[in-house]
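Input: a single structure, listed below in structure tokens.
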Amino acid sequence: MSKEDPNPFEILGLEPTFDIDMAVLDEAYFSRQTLTHPDRFVYHANSERQAASLQASLLNQAYETLKNPALRARVLLKLRGINVAFEEEKTVYNTEILEEMMDLQEAVMEAISPHDLTDVDNQIHHRFQVTMTSFAHALKQNQNQMLPGLFLRLTYLSKLKMDLKVRQRQLSAKVPLRS
Amino acid sequence: MLLQIVEPSTSLVQEKLSQAVAIGIDLGTTNSVVAFSQGGKPRVLRNEEGEDLLPSVVAYLEDKTPIVGRQAFEFIEQSSECVIFSSKRLMGKSSVEAQDILGHFAITVDEASKEQMVRLKVGSHIKTPVEIAADILRTLKKQAEVALNQPIEKAVITVPAYFDEAARQATKDAAHLSGLKVLRLINEPTAAALAYGLDQGIEGIYAVYDLGGGTFDISLLRLTKGVFQVLATGGDVALGGDDIDRLIVEYFNQLSPEVSSTSASYKQLLTIARAAKEYLSQKEAGVWAWPGGKDCFLDRAMLERLSAPLVEKTIDICRQVLIDADLSPSHVQGIVLVGGATRIPYVRGRVTEFFNQTPLTNLDPDKVVALGAALQAEALTQGSDTLLLDVTPLSLGLETMGGIVEKIIPRNTPIPATFTHEFTTYQDGQTSMKIHVLQGERELVSDCRSLGEFTLTGIPPMPAGVARIKVTFMVDADGLLTVTATEKTTQTHQEVTIKPSYGLTEEDYHRILQETITHGTQDIKDRLFIETKVKAQQLLYQLNEAIKVDGDLLTNIDLKDLEKAMDLLEQCLTQEDRDAIVEQQKIVESMSVPFATRRIQRLVGSVASISSPS
């Protein structure tokens with residue numbers, strides 16, 4: 001998120017919080033999208049259709065950002081003035097996190113059946129939940145020094161979840177892809 | 001006829017928007033359907049013979065108007081080379097790709113077209129898939145006009161969810177040629193969900209399994225109080241019931257190996273194979289007379305064996321889409337079956353088994369898409385409480401160093417979607433930059449579909465790395481991409497339209513228009529002039545309405561400037577100079593952009609202040 005990026009909480013009219021109620025998020029998103037979705041502007045002038053379309057895409061982006069815990073955490077850090085990019089660079093030296101993540105990554109890559117993935121999936125999921133709870137707690141207690149580290153764990157675990165999905169997709173195919 | 005142009009009158013331009021009528025069209029690989037909805041009740045519009053499915057088959061005979069539909073089949077025997085079916089498979093394809101797809105078809109590709117949009121030799125004609133689609137659409141338009149007893153100019157047209165940019169653009173071009181304005185392209189599975197959701201009032205997560213003649217789509221949707229939210233979509237645009245027909249042809253040919261070449265055309269063989277396939281959806285087994293060979297026996301068990309790999313592939317795609325959406329089959333509350341090929345008992349069985357529940361089939365799988373399109377057409381013209389939130393089926397990326405694709409808008413991103421990327425120059429004094437846009441999931445440029453390359457020009461000469469070029473990619477609600485670029489240090493602005501590599505060129509468009517016009521009295525200039533005039537008049541009308549409501553958003557000076565420009569446009573309209581109108585219209589449009597933006601902000605702001613008082 002660069003400086004110019006709009007604040008997704010503001011776009012959706014929500015209080016900035018990590019413990020977001022998904023039903024509330026959906027409701028905020030749907031009610032706004034109902035007004036600005038391009039389907040409501042089929043008969044308007046070009047310039048208005050485009051402005052509406054842009055607004056709808058901002059809503060989409062804000063919704064997608066807030067739905068994703070790691071991206072949501074990033075926005076909240078940013079709002080507290082904590083520089084995330086700098087912290088990300090520093091992690092390269094955070095061997096503790098790196099080693100843990102590399103172990104999990106290996107487990108994902110080495111799985112040869114969907115069944116193998118279930119175990120590592122559970123592990124990643126569990127650690128993700130624990131980290132989310134810690135992050136939410138640290139944020140509430142204003143333990144700002146804890147936040148970057150927890151954010152990094154969230155980001156890494158989030159990326160691992162993506163890798164896991166890619167692997168799941170690969171392993172789920174029973175029919176070879178068209179060559 | 002293509003040209004049914006009415007001289008623009010005040011009534012046309014200022015037509016009460018709420019009274020506009022629009023139809024829904026399912027432009028299918030095998031059959032096409034047109035439907036209309038009134039008061040939330042969609043119905044299929046039949047032709048004068050009472051048929052509701054129009055076979056997507058066109059016969060182009062010497063010096064005759066195209067014959068579309070069932071009658072076109074009659075020419076398969078005598079002049080097979082003049083009859084085209086399944087042309088939807090070629091939408092947005094290049095000649096090279098088309099040759100891969102066509103395989104056995106008797107129709108040949110015009111070699112001259114090479115890397116451009118495919119052109120087919122059809123008897124003595126040269127036709128693009130876009131023109132063929134336009135002929136089908138024209139027939140449906142007429143059918144609707146007769147059934148509804150009024151002229152129809154607007155439509156919602158469905159496309160496979162997995163259609164790429166080029167194929168979507170081709171569909172839109174075809175509609176334009178046929179004299180229909182596309183209010184929205186919607187995805188076939190989404191349309192089907194709309195028809196089911198509104199008909200049955202269902203809520204929760206639903207899967208739409210759509211196996212048509214030539215394409216397969218699977219979409220997962222979440223339905224909540226009138227909101228249809230697509231969670232993920234997947235598919236294959238070269239997988240459908242047609243492929244089963246081909247497998248049957250191969251099998252029957254193997255049964256009669258003594259016949260090396262038959263007098264029958266491949267298309268005739270396909271017709272028999274299709275009949276066999278359809279028969280076996282009702283009965284257990286049958287015998288078919290194979291031209292030049294012996295009688296061939298086929299039963300359900302054998303048909304299952306033949307089609308198993310194909311059906312398994314669709315199940316694989318279902319599995320992958322569930323992974324994409326972080327769901328398992330048990331989350332899915334219902335499955336909607338769409339497409340003629342879902343009548344095959346084996347297909348139905350495998351879907352039931354995979355999702356562990358019986359699919360919904362209350363609505364006819366051949367018509368449900370058109371019914372959904374009609375509902376959306378009504379929603380767009382008459383207003384509605386429902387909301388369709390769809391996604392991009394394929395990732396969009398840019399070519400970077402070493403022929404690698406950098407994804408900028410990943411698949412399953414809700415649309416409309418905007419992405420901004422900043423580029424800089426790598427050479428001193430560099431004034432232009434090439435940008436290559438690709439679509440697909442693979443890492444290498446050579447494995448993805450090229451959407452087009454464009455060059456940003458007019459970058460002011462600066463040392464390398466100083467220029468800041470902000471490029472905005474926007475995928476609109478039809479799934480089509482536009483690109484705009486601004487050089488930030490000097491505010492040089494450029495709008496770039498991505499011309500799909502295999503799209504219809506301006507010359508193509510004029511040539512086709514010319515050809516269709518030969519019978520009529522009007523010439524292209526008239527048509528283009530009238531189109532331009534109507535557009536300008538509509539713009540003036542819309543702006544005047546906007547000023548009436550929200551004029552306070554403009555300062556007095558801005559308002560005066562805008563009105564002055566509008567007056568000038570009004571004056572241009574009294575003269576027969578198309579270029580002047582186009583030019584002045586552009587000026588008015590660009591002047592009204594800040595006004596439009598403020599209007600939308602006011603609209604959004606009104607909600608924001610209700611839900612979060614601050």
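So you can find residues: chains in the structure tokens are A, B, ... in the order shown, residues in each start at 1, and ligands are numbered from 1 in order.
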Write out as a tab-separated table (two decimals) with all heavy atoms, in the first residue's frame all residues of stretch 166-344 of chain B that DSSP puts in strand (DSSP E) for this structure's backbone.
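The new file out.tsv reads:
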chain	number	residue	atom	x	y	z
B	181	LYS	N	-27.22	-3.56	-29.43
B	181	LYS	CA	-26.30	-2.96	-28.46
B	181	LYS	C	-26.24	-3.92	-27.27
B	181	LYS	O	-27.27	-4.32	-26.73
B	181	LYS	CB	-26.82	-1.60	-28.02
B	181	LYS	CG	-25.92	-0.92	-27.01
B	181	LYS	CD	-26.50	0.41	-26.58
B	181	LYS	CE	-25.99	0.90	-25.23
B	181	LYS	NZ	-24.55	0.99	-25.07
B	182	VAL	N	-25.02	-4.28	-26.90
B	182	VAL	CA	-24.85	-5.19	-25.77
B	182	VAL	C	-24.88	-4.39	-24.47
B	182	VAL	O	-24.01	-3.58	-24.21
B	182	VAL	CB	-23.50	-5.96	-25.86
B	182	VAL	CG1	-23.32	-6.85	-24.65
B	182	VAL	CG2	-23.46	-6.77	-27.14
B	183	LEU	N	-25.90	-4.60	-23.68
B	183	LEU	CA	-25.97	-3.90	-22.39
B	183	LEU	C	-24.96	-4.51	-21.44
B	183	LEU	O	-24.37	-3.83	-20.62
B	183	LEU	CB	-27.37	-4.03	-21.79
B	183	LEU	CG	-28.50	-3.35	-22.55
B	183	LEU	CD1	-29.80	-3.55	-21.82
B	183	LEU	CD2	-28.21	-1.86	-22.73
B	184	ARG	N	-24.76	-5.80	-21.54
B	184	ARG	CA	-23.80	-6.47	-20.69
B	184	ARG	C	-23.53	-7.86	-21.25
B	184	ARG	O	-24.45	-8.53	-21.73
B	184	ARG	CB	-24.36	-6.61	-19.26
B	184	ARG	CG	-23.50	-7.34	-18.28
B	184	ARG	CD	-22.33	-6.54	-17.72
B	184	ARG	NE	-22.72	-5.45	-16.88
B	184	ARG	CZ	-22.38	-4.17	-17.11
B	184	ARG	NH1	-21.65	-3.84	-18.15
B	184	ARG	NH2	-22.75	-3.22	-16.29
B	185	LEU	N	-22.25	-8.27	-21.20
B	185	LEU	CA	-21.94	-9.67	-21.45
B	185	LEU	C	-21.98	-10.33	-20.08
B	185	LEU	O	-21.34	-9.82	-19.16
B	185	LEU	CB	-20.52	-9.83	-22.02
B	185	LEU	CG	-20.21	-9.30	-23.42
B	185	LEU	CD1	-18.72	-9.54	-23.72
B	185	LEU	CD2	-21.06	-10.01	-24.47
B	186	ILE	N	-22.73	-11.39	-19.91
B	186	ILE	CA	-22.65	-12.07	-18.61
B	186	ILE	C	-22.23	-13.51	-18.83
B	186	ILE	O	-22.41	-14.09	-19.90
B	186	ILE	CB	-23.92	-11.97	-17.73
B	186	ILE	CG1	-25.13	-12.60	-18.39
B	186	ILE	CG2	-24.22	-10.54	-17.35
B	186	ILE	CD1	-26.30	-12.70	-17.40
B	187	ASN	N	-21.64	-14.07	-17.78
B	187	ASN	CA	-21.14	-15.43	-17.88
B	187	ASN	C	-22.30	-16.42	-17.80
B	187	ASN	O	-23.23	-16.23	-17.02
B	187	ASN	CB	-20.13	-15.69	-16.77
B	187	ASN	CG	-18.86	-14.88	-16.98
B	187	ASN	OD1	-18.44	-14.66	-18.13
B	187	ASN	ND2	-18.27	-14.42	-15.91
B	204	GLY	N	-27.23	-19.54	-0.11
B	204	GLY	CA	-26.11	-20.39	0.26
B	204	GLY	C	-25.12	-20.55	-0.90
B	204	GLY	O	-25.16	-19.78	-1.86
B	205	ILE	N	-24.25	-21.56	-0.79
B	205	ILE	CA	-23.24	-21.76	-1.82
B	205	ILE	C	-23.72	-22.77	-2.85
B	205	ILE	O	-24.13	-23.88	-2.50
B	205	ILE	CB	-21.90	-22.18	-1.19
B	205	ILE	CG1	-21.33	-20.97	-0.44
B	205	ILE	CG2	-20.92	-22.66	-2.25
B	205	ILE	CD1	-20.17	-21.29	0.44
B	206	TYR	N	-23.68	-22.37	-4.10
B	206	TYR	CA	-24.14	-23.22	-5.19
B	206	TYR	C	-23.05	-23.40	-6.23
B	206	TYR	O	-22.26	-22.49	-6.47
B	206	TYR	CB	-25.41	-22.64	-5.84
B	206	TYR	CG	-26.62	-22.94	-4.99
B	206	TYR	CD1	-26.87	-22.20	-3.84
B	206	TYR	CD2	-27.45	-24.02	-5.29
B	206	TYR	CE1	-27.93	-22.51	-3.01
B	206	TYR	CE2	-28.52	-24.34	-4.47
B	206	TYR	CZ	-28.76	-23.58	-3.33
B	206	TYR	OH	-29.79	-23.90	-2.51
B	207	ALA	N	-23.05	-24.57	-6.85
B	207	ALA	CA	-22.13	-24.83	-7.95
B	207	ALA	C	-22.94	-24.92	-9.23
B	207	ALA	O	-24.01	-25.52	-9.24
B	207	ALA	CB	-21.39	-26.14	-7.71
B	208	VAL	N	-22.45	-24.26	-10.27
B	208	VAL	CA	-23.10	-24.39	-11.57
B	208	VAL	C	-22.16	-25.17	-12.48
B	208	VAL	O	-21.05	-24.73	-12.75
B	208	VAL	CB	-23.41	-23.01	-12.19
B	208	VAL	CG1	-24.12	-23.18	-13.52
B	208	VAL	CG2	-24.24	-22.16	-11.24
B	209	TYR	N	-22.61	-26.36	-12.88
B	209	TYR	CA	-21.82	-27.22	-13.75
B	209	TYR	C	-22.42	-27.11	-15.14
B	209	TYR	O	-23.55	-27.50	-15.38
B	209	TYR	CB	-21.91	-28.66	-13.22
B	209	TYR	CG	-21.17	-29.71	-14.03
B	209	TYR	CD1	-19.92	-30.18	-13.62
B	209	TYR	CD2	-21.74	-30.25	-15.18
B	209	TYR	CE1	-19.25	-31.15	-14.35
B	209	TYR	CE2	-21.07	-31.23	-15.91
B	209	TYR	CZ	-19.83	-31.68	-15.49
B	209	TYR	OH	-19.16	-32.65	-16.21
B	210	ASP	N	-21.66	-26.51	-16.05
B	210	ASP	CA	-22.19	-26.17	-17.37
B	210	ASP	C	-21.38	-26.86	-18.47
B	210	ASP	O	-20.28	-26.42	-18.81
B	210	ASP	CB	-22.15	-24.64	-17.53
B	210	ASP	CG	-22.66	-24.15	-18.88
B	210	ASP	OD1	-22.98	-24.99	-19.75
B	210	ASP	OD2	-22.74	-22.93	-19.08
B	211	LEU	N	-21.92	-27.95	-18.98
B	211	LEU	CA	-21.23	-28.66	-20.06
B	211	LEU	C	-22.07	-28.49	-21.32
B	211	LEU	O	-23.11	-29.11	-21.50
B	211	LEU	CB	-21.04	-30.14	-19.72
B	211	LEU	CG	-20.16	-30.95	-20.67
B	211	LEU	CD1	-18.74	-30.41	-20.75
B	211	LEU	CD2	-20.11	-32.42	-20.25
B	216	PHE	N	-16.83	-26.03	-21.40
B	216	PHE	CA	-17.16	-26.45	-20.04
B	216	PHE	C	-16.84	-25.32	-19.07
B	216	PHE	O	-15.78	-24.71	-19.16
B	216	PHE	CB	-16.38	-27.69	-19.63
B	216	PHE	CG	-16.53	-28.01	-18.17
B	216	PHE	CD1	-17.76	-28.39	-17.67
B	216	PHE	CD2	-15.46	-27.87	-17.29
B	216	PHE	CE1	-17.92	-28.65	-16.30
B	216	PHE	CE2	-15.61	-28.13	-15.93
B	216	PHE	CZ	-16.85	-28.52	-15.44
B	217	ASP	N	-17.79	-25.01	-18.17
B	217	ASP	CA	-17.58	-24.03	-17.12
B	217	ASP	C	-18.06	-24.61	-15.80
B	217	ASP	O	-19.07	-25.31	-15.76
B	217	ASP	CB	-18.47	-22.79	-17.33
B	217	ASP	CG	-17.92	-21.83	-18.35
B	217	ASP	OD1	-16.70	-21.72	-18.46
B	217	ASP	OD2	-18.74	-21.19	-19.02
B	218	ILE	N	-17.34	-24.29	-14.74
B	218	ILE	CA	-17.85	-24.56	-13.40
B	218	ILE	C	-17.69	-23.27	-12.61
B	218	ILE	O	-16.62	-22.67	-12.60
B	218	ILE	CB	-17.13	-25.75	-12.73
B	218	ILE	CG1	-17.46	-25.83	-11.23
B	218	ILE	CG2	-15.63	-25.70	-12.92
B	218	ILE	CD1	-18.73	-26.56	-10.93
B	219	SER	N	-18.77	-22.82	-12.00
B	219	SER	CA	-18.68	-21.62	-11.17
B	219	SER	C	-19.24	-21.93	-9.80
B	219	SER	O	-20.22	-22.67	-9.67
B	219	SER	CB	-19.48	-20.47	-11.78
B	219	SER	OG	-18.84	-19.98	-12.93
B	220	LEU	N	-18.62	-21.36	-8.78
B	220	LEU	CA	-19.13	-21.46	-7.42
B	220	LEU	C	-19.65	-20.10	-7.04
B	220	LEU	O	-18.96	-19.10	-7.20
B	220	LEU	CB	-18.01	-21.87	-6.46
B	220	LEU	CG	-17.47	-23.28	-6.68
B	220	LEU	CD1	-16.20	-23.49	-5.86
B	220	LEU	CD2	-18.53	-24.31	-6.29
B	221	LEU	N	-20.89	-20.06	-6.59
B	221	LEU	CA	-21.50	-18.78	-6.23
B	221	LEU	C	-22.02	-18.82	-4.81
B	221	LEU	O	-22.44	-19.87	-4.32
B	221	LEU	CB	-22.68	-18.46	-7.14
B	221	LEU	CG	-22.40	-18.13	-8.58
B	221	LEU	CD1	-22.70	-19.32	-9.46
B	221	LEU	CD2	-23.26	-16.94	-8.99
B	222	ARG	N	-22.03	-17.64	-4.19
B	222	ARG	CA	-22.67	-17.51	-2.90
B	222	ARG	C	-23.88	-16.60	-3.11
B	222	ARG	O	-23.76	-15.50	-3.65
B	222	ARG	CB	-21.71	-16.88	-1.91
B	222	ARG	CG	-22.28	-16.91	-0.49
B	222	ARG	CD	-21.18	-16.65	0.52
B	222	ARG	NE	-20.70	-15.29	0.34
B	222	ARG	CZ	-20.49	-14.44	1.36
B	222	ARG	NH1	-20.70	-14.83	2.59
B	222	ARG	NH2	-20.05	-13.24	1.14
B	223	LEU	N	-25.03	-17.08	-2.73
B	223	LEU	CA	-26.26	-16.30	-2.89
B	223	LEU	C	-26.72	-15.81	-1.52
B	223	LEU	O	-26.95	-16.61	-0.62
B	223	LEU	CB	-27.36	-17.17	-3.52
B	223	LEU	CG	-27.33	-17.35	-5.03
B	223	LEU	CD1	-26.09	-18.06	-5.51
B	223	LEU	CD2	-28.55	-18.14	-5.47
B	224	THR	N	-26.80	-14.49	-1.38
B	224	THR	CA	-27.27	-13.90	-0.12
B	224	THR	C	-28.24	-12.78	-0.46
B	224	THR	O	-27.84	-11.80	-1.06
B	224	THR	CB	-26.11	-13.24	0.66
B	224	THR	OG1	-24.88	-13.68	0.14
B	224	THR	CG2	-26.20	-13.47	2.13
B	227	VAL	N	-27.99	-11.00	-3.64
B	227	VAL	CA	-26.64	-10.78	-4.16
B	227	VAL	C	-26.09	-12.11	-4.67
B	227	VAL	O	-26.09	-13.10	-3.95
B	227	VAL	CB	-25.70	-10.19	-3.09
B	227	VAL	CG1	-24.31	-9.97	-3.67
B	227	VAL	CG2	-26.27	-8.91	-2.52
B	228	PHE	N	-25.66	-12.11	-5.93
B	228	PHE	CA	-25.08	-13.30	-6.55
B	228	PHE	C	-23.59	-13.07	-6.66
B	228	PHE	O	-23.13	-12.37	-7.55
B	228	PHE	CB	-25.69	-13.53	-7.93
B	228	PHE	CG	-27.14	-13.91	-7.89
B	228	PHE	CD1	-28.10	-12.99	-7.55
B	228	PHE	CD2	-27.54	-15.20	-8.21
B	228	PHE	CE1	-29.45	-13.34	-7.50
B	228	PHE	CE2	-28.87	-15.57	-8.17
B	228	PHE	CZ	-29.83	-14.63	-7.81
B	229	GLN	N	-22.85	-13.65	-5.73
B	229	GLN	CA	-21.42	-13.39	-5.67
B	229	GLN	C	-20.66	-14.61	-6.19
B	229	GLN	O	-20.70	-15.68	-5.57
B	229	GLN	CB	-21.06	-13.10	-4.21
B	229	GLN	CG	-19.66	-12.61	-4.00
B	229	GLN	CD	-19.36	-12.44	-2.51
B	229	GLN	OE1	-20.02	-13.02	-1.66
B	229	GLN	NE2	-18.34	-11.66	-2.20
B	230	VAL	N	-19.96	-14.45	-7.30
B	230	VAL	CA	-19.17	-15.56	-7.82
B	230	VAL	C	-17.90	-15.66	-7.00
B	230	VAL	O	-17.18	-14.67	-6.82
B	230	VAL	CB	-18.83	-15.34	-9.31
B	230	VAL	CG1	-17.99	-16.50	-9.84
B	230	VAL	CG2	-20.09	-15.19	-10.14
B	231	LEU	N	-17.64	-16.84	-6.42
B	231	LEU	CA	-16.46	-17.02	-5.58
B	231	LEU	C	-15.26	-17.47	-6.41
B	231	LEU	O	-14.14	-17.05	-6.18
B	231	LEU	CB	-16.74	-18.06	-4.49
B	231	LEU	CG	-17.90	-17.73	-3.56
B	231	LEU	CD1	-18.16	-18.89	-2.61
B	231	LEU	CD2	-17.63	-16.45	-2.77
B	232	ALA	N	-15.51	-18.35	-7.36
B	232	ALA	CA	-14.42	-18.83	-8.21
B	232	ALA	C	-15.03	-19.47	-9.45
B	232	ALA	O	-16.17	-19.94	-9.42
B	232	ALA	CB	-13.58	-19.85	-7.47
B	233	THR	N	-14.27	-19.45	-10.51
B	233	THR	CA	-14.75	-20.05	-11.73
B	233	THR	C	-13.61	-20.75	-12.46
B	233	THR	O	-12.44	-20.38	-12.28
B	233	THR	CB	-15.45	-18.98	-12.61
B	233	THR	OG1	-16.16	-19.62	-13.65
B	233	THR	CG2	-14.46	-18.01	-13.22
B	234	GLY	N	-13.94	-21.77	-13.21
B	234	GLY	CA	-12.91	-22.49	-13.95
B	234	GLY	C	-13.55	-23.13	-15.16
B	234	GLY	O	-14.78	-23.11	-15.29
B	235	GLY	N	-12.75	-23.66	-16.03
B	235	GLY	CA	-13.36	-24.29	-17.19
B	235	GLY	C	-12.36	-24.64	-18.26
B	235	GLY	O	-11.15	-24.63	-18.05
B	236	ASP	N	-12.92	-24.96	-19.42
B	236	ASP	CA	-12.11	-25.31	-20.58
B	236	ASP	C	-12.95	-24.91	-21.79
B	236	ASP	O	-14.09	-25.39	-21.93
B	236	ASP	CB	-11.82	-26.81	-20.57
B	236	ASP	CG	-10.80	-27.21	-21.62
B	236	ASP	OD1	-10.72	-26.52	-22.66
B	236	ASP	OD2	-10.07	-28.19	-21.40
B	285	ALA	N	-29.40	-48.93	-25.47
B	285	ALA	CA	-28.52	-49.30	-26.58
B	285	ALA	C	-29.22	-49.08	-27.91
B	285	ALA	O	-30.45	-48.95	-27.96
B	285	ALA	CB	-28.10	-50.77	-26.46
B	286	GLY	N	-28.45	-49.04	-28.99
B	286	GLY	CA	-29.05	-48.86	-30.31
B	286	GLY	C	-28.07	-49.24	-31.41
B	286	GLY	O	-26.89	-49.49	-31.16
B	287	VAL	N	-28.62	-49.30	-32.64
B	287	VAL	CA	-27.79	-49.63	-33.80
B	287	VAL	C	-27.94	-48.51	-34.82
B	287	VAL	O	-29.06	-48.04	-35.07
B	287	VAL	CB	-28.22	-50.98	-34.42
B	287	VAL	CG1	-27.41	-51.27	-35.69
B	287	VAL	CG2	-28.05	-52.11	-33.41
B	288	TRP	N	-26.84	-48.07	-35.40
B	288	TRP	CA	-26.88	-46.99	-36.38
B	288	TRP	C	-26.24	-47.40	-37.69
B	288	TRP	O	-25.21	-48.08	-37.69
B	288	TRP	CB	-26.17	-45.75	-35.82
B	288	TRP	CG	-27.01	-45.09	-34.77
B	288	TRP	CD1	-27.91	-44.10	-34.95
B	288	TRP	CD2	-27.05	-45.41	-33.38
B	288	TRP	NE1	-28.52	-43.77	-33.76
B	288	TRP	CE2	-28.02	-44.56	-32.78
B	288	TRP	CE3	-26.39	-46.35	-32.56
B	288	TRP	CZ2	-28.32	-44.61	-31.42
B	288	TRP	CZ3	-26.70	-46.39	-31.22
B	288	TRP	CH2	-27.65	-45.53	-30.66
B	289	ALA	N	-26.85	-47.00	-38.78
B	289	ALA	CA	-26.31	-47.29	-40.11
B	289	ALA	C	-25.19	-46.30	-40.39
B	289	ALA	O	-25.42	-45.09	-40.37
B	289	ALA	CB	-27.40	-47.17	-41.16
B	295	ASP	N	-23.70	-51.70	-40.05
B	295	ASP	CA	-24.47	-51.12	-38.96
B	295	ASP	C	-23.62	-51.15	-37.69
B	295	ASP	O	-22.93	-52.13	-37.43
B	295	ASP	CB	-25.75	-51.93	-38.74
B	295	ASP	CG	-26.72	-51.71	-39.89
B	295	ASP	OD1	-26.47	-50.77	-40.70
B	295	ASP	OD2	-27.70	-52.47	-39.99
B	296	CYS	N	-23.67	-50.06	-36.94
B	296	CYS	CA	-22.83	-49.99	-35.75
B	296	CYS	C	-23.68	-50.02	-34.49
B	296	CYS	O	-24.67	-49.29	-34.38
B	296	CYS	CB	-21.98	-48.72	-35.77
B	296	CYS	SG	-20.79	-48.71	-37.10
B	297	PHE	N	-23.23	-50.82	-33.55
B	297	PHE	CA	-23.94	-50.97	-32.27
B	297	PHE	C	-23.25	-50.10	-31.21
B	297	PHE	O	-22.02	-50.03	-31.15
B	297	PHE	CB	-23.91	-52.44	-31.85
B	297	PHE	CG	-24.44	-52.68	-30.47
B	297	PHE	CD1	-25.82	-52.76	-30.24
B	297	PHE	CD2	-23.57	-52.82	-29.38
B	297	PHE	CE1	-26.30	-52.98	-28.96
B	297	PHE	CE2	-24.05	-53.05	-28.10
B	297	PHE	CZ	-25.42	-53.13	-27.89
B	298	LEU	N	-24.04	-49.43	-30.41
B	298	LEU	CA	-23.47	-48.68	-29.29
B	298	LEU	C	-24.41	-48.76	-28.10
B	298	LEU	O	-25.63	-48.61	-28.25
B	298	LEU	CB	-23.25	-47.21	-29.69
B	298	LEU	CG	-22.53	-46.31	-28.67
B	298	LEU	CD1	-21.07	-46.73	-28.48
B	298	LEU	CD2	-22.57	-44.84	-29.09
B	299	ASP	N	-23.84	-49.02	-26.92
B	299	ASP	CA	-24.68	-49.00	-25.72
B	299	ASP	C	-24.10	-48.02	-24.70
B	299	ASP	O	-23.02	-47.45	-24.90
B	299	ASP	CB	-24.82	-50.40	-25.12
B	299	ASP	CG	-23.50	-50.98	-24.65
B	299	ASP	OD1	-22.47	-50.26	-24.71
B	299	ASP	OD2	-23.48	-52.15	-24.22
B	334	GLY	N	-26.10	-26.86	-3.32
B	334	GLY	CA	-26.85	-27.35	-4.47
B	334	GLY	C	-26.03	-27.24	-5.73
B	334	GLY	O	-25.13	-26.40	-5.82
B	335	ILE	N	-26.34	-28.08	-6.70
B	335	ILE	CA	-25.65	-28.03	-7.98
B	335	ILE	C	-26.67	-27.81	-9.07
B	335	ILE	O	-27.69	-28.51	-9.14
B	335	ILE	CB	-24.90	-29.33	-8.31
B	335	ILE	CG1	-23.97	-29.68	-7.16
B	335	ILE	CG2	-24.09	-29.22	-9.58
B	335	ILE	CD1	-24.18	-31.06	-6.71
B	336	VAL	N	-26.38	-26.84	-9.89
B	336	VAL	CA	-27.26	-26.53	-11.01
B	336	VAL	C	-26.62	-27.11	-12.27
B	336	VAL	O	-25.43	-26.88	-12.52
B	336	VAL	CB	-27.43	-25.00	-11.15
B	336	VAL	CG1	-28.15	-24.65	-12.43
B	336	VAL	CG2	-28.15	-24.44	-9.93
B	337	LEU	N	-27.38	-27.86	-13.05
B	337	LEU	CA	-26.84	-28.42	-14.28
B	337	LEU	C	-27.29	-27.57	-15.47
B	337	LEU	O	-28.47	-27.23	-15.60
B	337	LEU	CB	-27.32	-29.85	-14.49
B	337	LEU	CG	-26.76	-30.90	-13.54
B	337	LEU	CD1	-27.21	-32.29	-13.98
B	337	LEU	CD2	-25.24	-30.85	-13.49
B	338	VAL	N	-26.33	-27.23	-16.32
B	338	VAL	CA	-26.60	-26.41	-17.48
B	338	VAL	C	-25.94	-27.05	-18.70
B	338	VAL	O	-24.88	-27.67	-18.57
B	338	VAL	CB	-26.02	-24.98	-17.30
B	338	VAL	CG1	-26.39	-24.08	-18.46
B	338	VAL	CG2	-26.46	-24.37	-15.98
### Expected answer as number ranges by chain: chain A residues within 9 Å of chain B, only C-alpha atoms
A: 10-15, 28, 30-58, 60-61, 64, 165-166, 168-170, 172-177
### Query
Pick the closest to B:Ala264 from B:Glu406, B:Asp242, B:Glu203, B:Glu77: which is it, counting only C-alpha atoms?
B:Glu77
#### Entry: Point-to-point distance in Å for atom CA of B:Gln71 and atom CA of B:Val122
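Value for the atom CA of B:Val122-atom CA of B:Gln71 distance: 16.9 Å.
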### Task
Tell me, as a list of chain:residue names, which residues lie within 7 Å of stretch 119-136 of chain A, counting only C-alpha atoms; anything in the same chain fewer than 5 positions away does not count.
A:Phe18, A:Asp19, A:Ala107, A:Val108, A:Leu147, A:Leu150, A:Leu154, A:Leu157
### Query
In Å, with one decimal, what is the gap from atom CA of B:Val130 to atom CA of B:Val44?
24.2 Å
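Distance check against B:Gly28 using only C-alpha atoms: of B:Ser94, B:Thr158, B:Ser124, B:Thr424, the minimum falls on B:Thr158.
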### Message
Could you pull out the helix (DSSP H, G or I) residues of stretch 117-280 of chain B, going by DSSP on the backbone, and write them as number ranges by chain?
### Response
B: 129-148, 165-178, 188-200, 241-255, 266-279
### Minimum-distance residue to A:Met102, chosen among A:Lys78, A:Lys159, A:Lys67, A:Arg167 (using only C-alpha atoms)
A:Lys159
### Message
I'd like the neighbourhood of B:Leu559 as a PyMOL selection string, where a residue qualifies if any of its atoms comes within 10 Å (using only C-alpha atoms), though same-chain residues fewer than 6 positions away should be ignored.
### Response
chain B and resi 547+551-553+565+592+595
### Query
Which residues, written as number ranges by chain, have at least one atom at most 9 Å from B:Leu270, with only C-alpha atoms counted and residues fewer than 2 positions away on the same chain left out?
B: 242, 245-246, 248-249, 265-268, 272-275
